[in-house]
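Undergrad: Provided below: my_file_25.cif, containing mmCIF, N, CA and C atoms.
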```cif
data_model
loop_
_atom_site.label_atom_id
_atom_site.label_comp_id
_atom_site.auth_asym_id
_atom_site.auth_seq_id
_atom_site.Cartn_x
_atom_site.Cartn_y
_atom_site.Cartn_z
N MET A 1 16.05 -32.23 35.57
CA MET A 1 15.41 -31.00 35.16
C MET A 1 14.32 -31.29 34.12
N SER A 2 14.58 -32.23 33.25
CA SER A 2 13.62 -32.57 32.21
C SER A 2 12.33 -33.11 32.83
N LYS A 3 12.45 -33.91 33.88
CA LYS A 3 11.28 -34.48 34.51
C LYS A 3 10.43 -33.40 35.17
N SER A 4 11.07 -32.40 35.75
CA SER A 4 10.31 -31.33 36.40
C SER A 4 9.51 -30.53 35.38
N TRP A 5 10.07 -30.30 34.19
CA TRP A 5 9.33 -29.57 33.15
C TRP A 5 8.16 -30.39 32.64
N ARG A 6 8.30 -31.70 32.61
CA ARG A 6 7.18 -32.55 32.23
C ARG A 6 6.05 -32.43 33.23
N VAL A 7 6.38 -32.42 34.52
CA VAL A 7 5.37 -32.30 35.56
C VAL A 7 4.69 -30.93 35.47
N ILE A 8 5.47 -29.87 35.29
CA ILE A 8 4.91 -28.53 35.16
C ILE A 8 4.01 -28.45 33.93
N SER A 9 4.45 -29.00 32.82
CA SER A 9 3.65 -28.98 31.60
C SER A 9 2.36 -29.76 31.78
N LEU A 10 2.43 -30.89 32.48
CA LEU A 10 1.25 -31.70 32.73
C LEU A 10 0.24 -30.95 33.60
N VAL A 11 0.72 -30.27 34.62
CA VAL A 11 -0.16 -29.50 35.50
C VAL A 11 -0.83 -28.37 34.71
N VAL A 12 -0.07 -27.66 33.86
CA VAL A 12 -0.63 -26.58 33.05
C VAL A 12 -1.66 -27.13 32.07
N LEU A 13 -1.36 -28.26 31.44
CA LEU A 13 -2.29 -28.87 30.51
C LEU A 13 -3.59 -29.28 31.20
N ILE A 14 -3.48 -29.85 32.39
CA ILE A 14 -4.67 -30.24 33.14
C ILE A 14 -5.49 -29.01 33.52
N ALA A 15 -4.82 -27.93 33.92
CA ALA A 15 -5.54 -26.70 34.27
C ALA A 15 -6.28 -26.13 33.06
N ILE A 16 -5.64 -26.16 31.90
CA ILE A 16 -6.29 -25.67 30.68
C ILE A 16 -7.50 -26.54 30.33
N LEU A 17 -7.33 -27.85 30.42
CA LEU A 17 -8.45 -28.76 30.13
C LEU A 17 -9.61 -28.56 31.11
N LEU A 18 -9.31 -28.41 32.39
CA LEU A 18 -10.37 -28.16 33.36
C LEU A 18 -11.08 -26.84 33.09
N GLY A 19 -10.33 -25.82 32.72
CA GLY A 19 -10.93 -24.53 32.37
C GLY A 19 -11.85 -24.66 31.16
N ALA A 20 -11.40 -25.41 30.15
CA ALA A 20 -12.23 -25.61 28.96
C ALA A 20 -13.49 -26.39 29.30
N VAL A 21 -13.37 -27.38 30.16
CA VAL A 21 -14.54 -28.16 30.58
C VAL A 21 -15.52 -27.26 31.34
N CYS A 22 -15.01 -26.42 32.20
CA CYS A 22 -15.89 -25.51 32.96
C CYS A 22 -16.62 -24.54 32.04
N VAL A 23 -15.92 -23.98 31.07
CA VAL A 23 -16.56 -23.08 30.11
C VAL A 23 -17.59 -23.85 29.30
N GLY A 24 -17.25 -25.05 28.87
CA GLY A 24 -18.19 -25.88 28.12
C GLY A 24 -19.45 -26.19 28.91
N VAL A 25 -19.29 -26.54 30.18
CA VAL A 25 -20.44 -26.83 31.02
C VAL A 25 -21.29 -25.57 31.20
N GLY A 26 -20.63 -24.44 31.34
CA GLY A 26 -21.37 -23.17 31.45
C GLY A 26 -22.19 -22.89 30.20
N LEU A 27 -21.63 -23.17 29.04
CA LEU A 27 -22.36 -22.94 27.79
C LEU A 27 -23.50 -23.94 27.62
N VAL A 28 -23.26 -25.20 28.00
CA VAL A 28 -24.29 -26.23 27.85
C VAL A 28 -25.47 -25.98 28.79
N THR A 29 -25.21 -25.44 29.97
CA THR A 29 -26.28 -25.24 30.94
C THR A 29 -27.01 -23.92 30.73
N GLY A 30 -26.78 -23.26 29.62
CA GLY A 30 -27.56 -22.07 29.29
C GLY A 30 -26.84 -20.76 29.49
N GLY A 31 -25.59 -20.79 29.83
CA GLY A 31 -24.84 -19.55 29.98
C GLY A 31 -24.54 -18.94 28.62
N GLU A 32 -24.36 -17.64 28.61
CA GLU A 32 -24.01 -16.96 27.37
C GLU A 32 -22.51 -16.69 27.37
N TRP A 33 -21.93 -16.72 26.17
CA TRP A 33 -20.48 -16.54 26.04
C TRP A 33 -20.06 -15.17 26.57
N ASP A 34 -20.87 -14.13 26.30
CA ASP A 34 -20.50 -12.79 26.75
C ASP A 34 -20.43 -12.72 28.28
N ARG A 35 -21.36 -13.37 28.94
CA ARG A 35 -21.37 -13.37 30.41
C ARG A 35 -20.19 -14.15 30.96
N ILE A 36 -19.90 -15.31 30.38
CA ILE A 36 -18.76 -16.11 30.83
C ILE A 36 -17.46 -15.33 30.63
N TYR A 37 -17.33 -14.69 29.46
CA TYR A 37 -16.11 -13.92 29.18
C TYR A 37 -15.97 -12.74 30.13
N SER A 38 -17.06 -12.06 30.41
CA SER A 38 -16.98 -10.90 31.32
C SER A 38 -16.57 -11.33 32.73
N ILE A 39 -17.06 -12.49 33.18
CA ILE A 39 -16.67 -12.99 34.50
C ILE A 39 -15.19 -13.36 34.51
N LEU A 40 -14.74 -14.06 33.46
CA LEU A 40 -13.32 -14.42 33.39
C LEU A 40 -12.43 -13.19 33.30
N ASP A 41 -12.87 -12.19 32.53
CA ASP A 41 -12.07 -10.97 32.39
C ASP A 41 -12.03 -10.19 33.70
N GLU A 42 -13.14 -10.18 34.42
CA GLU A 42 -13.17 -9.48 35.70
C GLU A 42 -12.22 -10.13 36.71
N ARG A 43 -12.16 -11.44 36.68
CA ARG A 43 -11.35 -12.16 37.66
C ARG A 43 -9.88 -12.28 37.25
N TYR A 44 -9.63 -12.58 35.94
CA TYR A 44 -8.28 -12.89 35.49
C TYR A 44 -7.70 -11.87 34.51
N HIS A 45 -8.41 -10.80 34.20
CA HIS A 45 -7.92 -9.73 33.32
C HIS A 45 -7.45 -10.26 31.96
N VAL A 46 -8.33 -10.96 31.29
CA VAL A 46 -8.01 -11.58 30.01
C VAL A 46 -7.63 -10.53 28.97
N ASP A 47 -8.38 -9.41 28.93
CA ASP A 47 -8.10 -8.36 27.95
C ASP A 47 -6.69 -7.80 28.11
N MET A 48 -6.23 -7.67 29.34
CA MET A 48 -4.90 -7.14 29.58
C MET A 48 -3.83 -8.06 28.96
N TYR A 49 -4.00 -9.36 29.11
CA TYR A 49 -3.03 -10.29 28.54
C TYR A 49 -3.09 -10.29 27.02
N VAL A 50 -4.29 -10.19 26.47
CA VAL A 50 -4.43 -10.15 25.00
C VAL A 50 -3.77 -8.89 24.46
N ASP A 51 -3.99 -7.74 25.11
CA ASP A 51 -3.35 -6.50 24.67
C ASP A 51 -1.83 -6.58 24.80
N TYR A 52 -1.34 -7.18 25.89
CA TYR A 52 0.10 -7.31 26.09
C TYR A 52 0.73 -8.17 25.00
N ILE A 53 0.10 -9.29 24.68
CA ILE A 53 0.64 -10.16 23.63
C ILE A 53 0.64 -9.43 22.29
N GLY A 54 -0.41 -8.66 22.01
CA GLY A 54 -0.46 -7.87 20.78
C GLY A 54 0.65 -6.83 20.73
N ASP A 55 0.92 -6.16 21.85
CA ASP A 55 1.99 -5.17 21.89
C ASP A 55 3.35 -5.81 21.68
N VAL A 56 3.59 -6.95 22.33
CA VAL A 56 4.86 -7.65 22.16
C VAL A 56 5.04 -8.10 20.72
N TYR A 57 3.98 -8.61 20.11
CA TYR A 57 4.02 -9.03 18.71
C TYR A 57 4.36 -7.85 17.80
N THR A 58 3.76 -6.68 18.05
CA THR A 58 4.02 -5.51 17.24
C THR A 58 5.47 -5.06 17.37
N VAL A 59 6.00 -5.07 18.58
CA VAL A 59 7.39 -4.65 18.79
C VAL A 59 8.34 -5.61 18.08
N ILE A 60 8.10 -6.90 18.20
CA ILE A 60 8.97 -7.89 17.55
C ILE A 60 8.87 -7.76 16.04
N LYS A 61 7.65 -7.60 15.52
CA LYS A 61 7.46 -7.45 14.08
C LYS A 61 8.17 -6.21 13.56
N ASP A 62 8.03 -5.09 14.28
CA ASP A 62 8.70 -3.85 13.85
C ASP A 62 10.21 -3.98 13.91
N ALA A 63 10.72 -4.70 14.91
CA ALA A 63 12.16 -4.88 15.03
C ALA A 63 12.71 -5.74 13.90
N LEU A 64 11.95 -6.74 13.48
CA LEU A 64 12.42 -7.62 12.42
C LEU A 64 12.25 -7.01 11.04
N VAL A 65 11.29 -6.12 10.88
CA VAL A 65 10.99 -5.55 9.58
C VAL A 65 11.73 -4.24 9.36
N SER A 66 12.22 -3.60 10.41
CA SER A 66 12.83 -2.28 10.27
C SER A 66 14.01 -2.33 9.31
N PRO A 67 14.18 -1.28 8.49
CA PRO A 67 15.24 -1.29 7.49
C PRO A 67 16.65 -1.18 8.07
N ALA A 68 16.79 -0.56 9.22
CA ALA A 68 18.11 -0.40 9.82
C ALA A 68 18.04 -0.69 11.31
N ALA A 69 19.12 -1.20 11.82
CA ALA A 69 19.19 -1.46 13.26
C ALA A 69 19.29 -0.13 13.99
N PRO A 70 18.89 -0.08 15.25
CA PRO A 70 18.99 1.17 16.00
C PRO A 70 20.42 1.68 16.05
N GLY A 71 20.58 2.97 15.83
CA GLY A 71 21.91 3.56 15.87
C GLY A 71 22.59 3.64 14.51
N GLU A 72 22.10 2.91 13.53
CA GLU A 72 22.69 2.98 12.21
C GLU A 72 22.05 4.11 11.42
N PRO A 73 22.85 4.80 10.59
CA PRO A 73 22.28 5.89 9.80
C PRO A 73 21.33 5.33 8.74
N VAL A 74 20.29 6.08 8.49
CA VAL A 74 19.32 5.70 7.48
C VAL A 74 19.61 6.52 6.24
N SER A 75 19.50 5.89 5.07
CA SER A 75 19.80 6.61 3.84
C SER A 75 18.82 7.76 3.67
N PRO A 76 19.22 8.85 3.02
CA PRO A 76 18.36 10.02 2.87
C PRO A 76 17.06 9.69 2.12
N ALA A 77 17.09 8.75 1.20
CA ALA A 77 15.89 8.40 0.46
C ALA A 77 14.85 7.79 1.38
N GLU A 78 15.28 7.04 2.39
CA GLU A 78 14.34 6.40 3.29
C GLU A 78 13.80 7.36 4.33
N SER A 79 14.59 8.38 4.71
CA SER A 79 14.15 9.28 5.76
C SER A 79 13.47 10.53 5.24
N ALA A 80 13.57 10.82 3.95
CA ALA A 80 12.96 12.02 3.40
C ALA A 80 11.45 11.84 3.30
N PRO A 81 10.71 12.90 3.61
CA PRO A 81 9.25 12.78 3.47
C PRO A 81 8.86 12.71 2.00
N ALA A 82 7.76 12.10 1.75
CA ALA A 82 7.29 11.96 0.38
C ALA A 82 6.89 13.33 -0.16
N GLU A 83 7.27 13.62 -1.39
CA GLU A 83 6.93 14.90 -1.99
C GLU A 83 5.53 14.80 -2.58
N THR A 84 4.78 15.87 -2.37
CA THR A 84 3.45 15.92 -2.94
C THR A 84 3.41 17.05 -3.95
N ALA A 85 2.61 16.88 -4.96
CA ALA A 85 2.50 17.91 -5.98
C ALA A 85 1.74 19.10 -5.43
N ALA A 86 2.21 20.29 -5.80
CA ALA A 86 1.52 21.50 -5.37
C ALA A 86 0.20 21.62 -6.12
N PRO A 87 -0.82 22.11 -5.43
CA PRO A 87 -2.09 22.25 -6.14
C PRO A 87 -1.99 23.29 -7.25
N SER A 88 -2.66 23.00 -8.34
CA SER A 88 -2.62 23.93 -9.48
C SER A 88 -3.50 25.13 -9.17
N PRO A 89 -3.08 26.33 -9.61
CA PRO A 89 -3.88 27.52 -9.32
C PRO A 89 -5.21 27.48 -10.10
N ALA A 90 -6.21 28.02 -9.48
CA ALA A 90 -7.52 28.05 -10.13
C ALA A 90 -7.51 29.10 -11.23
N PRO A 91 -8.16 28.83 -12.37
CA PRO A 91 -8.15 29.81 -13.49
C PRO A 91 -9.04 30.98 -13.21
#
```
Can the structure in the file be given as structure tokens, please?
TA:
Amino acid sequence: MSKSWRVISLVVLIAILLGAVCVGVGLVTGGEWDRIYSILDERYHVDMYVDYIGDVYTVIKDALVSPAAPGEPVSPAESAPAETAAPSPAP
């Protein structure tokens, strides 16, 4: 099993390197980054993956930072809305 993961990792690494070389060649031959990115996003939906990773990160961060686990009661001090001072009447 270990050998198969090495092969899979090697194939992924080679694919990433080839992609980087292709982008580099595109930039060297006069391509603009915005055009290259728009083509990659149109074909491979890069923005969707970036948004998904951001959403997963937010959910994990909120789960780790939350004061109480789901289903546990929250103390009244934590759940009460913040009190604001009433505006003073005009003279």
Undergrad: If you apply the PyMOL selection byres (((chain A and resi 36-43 and name CA) around 12) and name CA) to this file, what residues do you get, as a list in words?
TA: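 Applied to this file, the PyMOL selection byres (((chain A and resi 36-43 and name CA) around 12) and name CA) returns Gly19, Ala20, Cys22, Val23, Gly24, Val25, Gly26, Leu27, Val28, Thr29, Gly30, Gly31, Glu32, Trp33, Asp34, Arg35, Tyr44, His45, Val46, Asp47, Met48, Tyr49 and Val50 of chain A.
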Undergrad: Would you mind exporting N, CA and C atoms of the selected residues as a PDB file, in the frame of the given file?
TA:
```pdb
ATOM      1  N   GLY A  19     -10.330 -25.820  32.720  1.00  0.00           N
ATOM      2  CA  GLY A  19     -10.930 -24.530  32.370  1.00  0.00           C
ATOM      3  C   GLY A  19     -11.850 -24.660  31.160  1.00  0.00           C
ATOM      4  N   ALA A  20     -11.400 -25.410  30.150  1.00  0.00           N
ATOM      5  CA  ALA A  20     -12.230 -25.610  28.960  1.00  0.00           C
ATOM      6  C   ALA A  20     -13.490 -26.390  29.300  1.00  0.00           C
ATOM      7  N   CYS A  22     -15.010 -26.420  32.200  1.00  0.00           N
ATOM      8  CA  CYS A  22     -15.890 -25.510  32.960  1.00  0.00           C
ATOM      9  C   CYS A  22     -16.620 -24.540  32.040  1.00  0.00           C
ATOM     10  N   VAL A  23     -15.920 -23.980  31.070  1.00  0.00           N
ATOM     11  CA  VAL A  23     -16.560 -23.080  30.110  1.00  0.00           C
ATOM     12  C   VAL A  23     -17.590 -23.850  29.300  1.00  0.00           C
ATOM     13  N   GLY A  24     -17.250 -25.050  28.870  1.00  0.00           N
ATOM     14  CA  GLY A  24     -18.190 -25.880  28.120  1.00  0.00           C
ATOM     15  C   GLY A  24     -19.450 -26.190  28.910  1.00  0.00           C
ATOM     16  N   VAL A  25     -19.290 -26.540  30.180  1.00  0.00           N
ATOM     17  CA  VAL A  25     -20.440 -26.830  31.020  1.00  0.00           C
ATOM     18  C   VAL A  25     -21.290 -25.570  31.200  1.00  0.00           C
ATOM     19  N   GLY A  26     -20.630 -24.440  31.340  1.00  0.00           N
ATOM     20  CA  GLY A  26     -21.370 -23.170  31.450  1.00  0.00           C
ATOM     21  C   GLY A  26     -22.190 -22.890  30.200  1.00  0.00           C
ATOM     22  N   LEU A  27     -21.630 -23.170  29.040  1.00  0.00           N
ATOM     23  CA  LEU A  27     -22.360 -22.940  27.790  1.00  0.00           C
ATOM     24  C   LEU A  27     -23.500 -23.940  27.620  1.00  0.00           C
ATOM     25  N   VAL A  28     -23.260 -25.200  28.000  1.00  0.00           N
ATOM     26  CA  VAL A  28     -24.290 -26.230  27.850  1.00  0.00           C
ATOM     27  C   VAL A  28     -25.470 -25.980  28.790  1.00  0.00           C
ATOM     28  N   THR A  29     -25.210 -25.440  29.970  1.00  0.00           N
ATOM     29  CA  THR A  29     -26.280 -25.240  30.940  1.00  0.00           C
ATOM     30  C   THR A  29     -27.010 -23.920  30.730  1.00  0.00           C
ATOM     31  N   GLY A  30     -26.780 -23.260  29.620  1.00  0.00           N
ATOM     32  CA  GLY A  30     -27.560 -22.070  29.290  1.00  0.00           C
ATOM     33  C   GLY A  30     -26.840 -20.760  29.490  1.00  0.00           C
ATOM     34  N   GLY A  31     -25.590 -20.790  29.830  1.00  0.00           N
ATOM     35  CA  GLY A  31     -24.840 -19.550  29.980  1.00  0.00           C
ATOM     36  C   GLY A  31     -24.540 -18.940  28.620  1.00  0.00           C
ATOM     37  N   GLU A  32     -24.360 -17.640  28.610  1.00  0.00           N
ATOM     38  CA  GLU A  32     -24.010 -16.960  27.370  1.00  0.00           C
ATOM     39  C   GLU A  32     -22.510 -16.690  27.370  1.00  0.00           C
ATOM     40  N   TRP A  33     -21.930 -16.720  26.170  1.00  0.00           N
ATOM     41  CA  TRP A  33     -20.480 -16.540  26.040  1.00  0.00           C
ATOM     42  C   TRP A  33     -20.060 -15.170  26.570  1.00  0.00           C
ATOM     43  N   ASP A  34     -20.870 -14.130  26.300  1.00  0.00           N
ATOM     44  CA  ASP A  34     -20.500 -12.790  26.750  1.00  0.00           C
ATOM     45  C   ASP A  34     -20.430 -12.720  28.280  1.00  0.00           C
ATOM     46  N   ARG A  35     -21.360 -13.370  28.940  1.00  0.00           N
ATOM     47  CA  ARG A  35     -21.370 -13.370  30.410  1.00  0.00           C
ATOM     48  C   ARG A  35     -20.190 -14.150  30.960  1.00  0.00           C
ATOM     49  N   TYR A  44      -9.630 -12.580  35.940  1.00  0.00           N
ATOM     50  CA  TYR A  44      -8.280 -12.890  35.490  1.00  0.00           C
ATOM     51  C   TYR A  44      -7.700 -11.870  34.510  1.00  0.00           C
ATOM     52  N   HIS A  45      -8.410 -10.800  34.200  1.00  0.00           N
ATOM     53  CA  HIS A  45      -7.920  -9.730  33.320  1.00  0.00           C
ATOM     54  C   HIS A  45      -7.450 -10.260  31.960  1.00  0.00           C
ATOM     55  N   VAL A  46      -8.330 -10.960  31.290  1.00  0.00           N
ATOM     56  CA  VAL A  46      -8.010 -11.580  30.010  1.00  0.00           C
ATOM     57  C   VAL A  46      -7.630 -10.530  28.970  1.00  0.00           C
ATOM     58  N   ASP A  47      -8.380  -9.410  28.930  1.00  0.00           N
ATOM     59  CA  ASP A  47      -8.100  -8.360  27.950  1.00  0.00           C
ATOM     60  C   ASP A  47      -6.690  -7.800  28.110  1.00  0.00           C
ATOM     61  N   MET A  48      -6.230  -7.670  29.340  1.00  0.00           N
ATOM     62  CA  MET A  48      -4.900  -7.140  29.580  1.00  0.00           C
ATOM     63  C   MET A  48      -3.830  -8.060  28.960  1.00  0.00           C
ATOM     64  N   TYR A  49      -4.000  -9.360  29.110  1.00  0.00           N
ATOM     65  CA  TYR A  49      -3.030 -10.290  28.540  1.00  0.00           C
ATOM     66  C   TYR A  49      -3.090 -10.290  27.020  1.00  0.00           C
ATOM     67  N   VAL A  50      -4.290 -10.190  26.470  1.00  0.00           N
ATOM     68  CA  VAL A  50      -4.430 -10.150  25.000  1.00  0.00           C
ATOM     69  C   VAL A  50      -3.770  -8.890  24.460  1.00  0.00           C
TER      70      VAL A  50
END
```
Undergrad: Could you give me the axis-aligned bounding box of region 14-23 of chain A, with 4 Å of padding per side, as centre plus edge lengths in Å to one decimal, as JSON?
TA:
```
{"center_x": -10.5, "center_y": -26.7, "center_z": 31.6, "size_x": 22.1, "size_y": 15.2, "size_z": 13.3}
```
Undergrad: Just the number, please: distance in Å from CA of Leu13 (chain A) to atom C of Met1 (chain A), one decimal.
TA: 17.2 Å
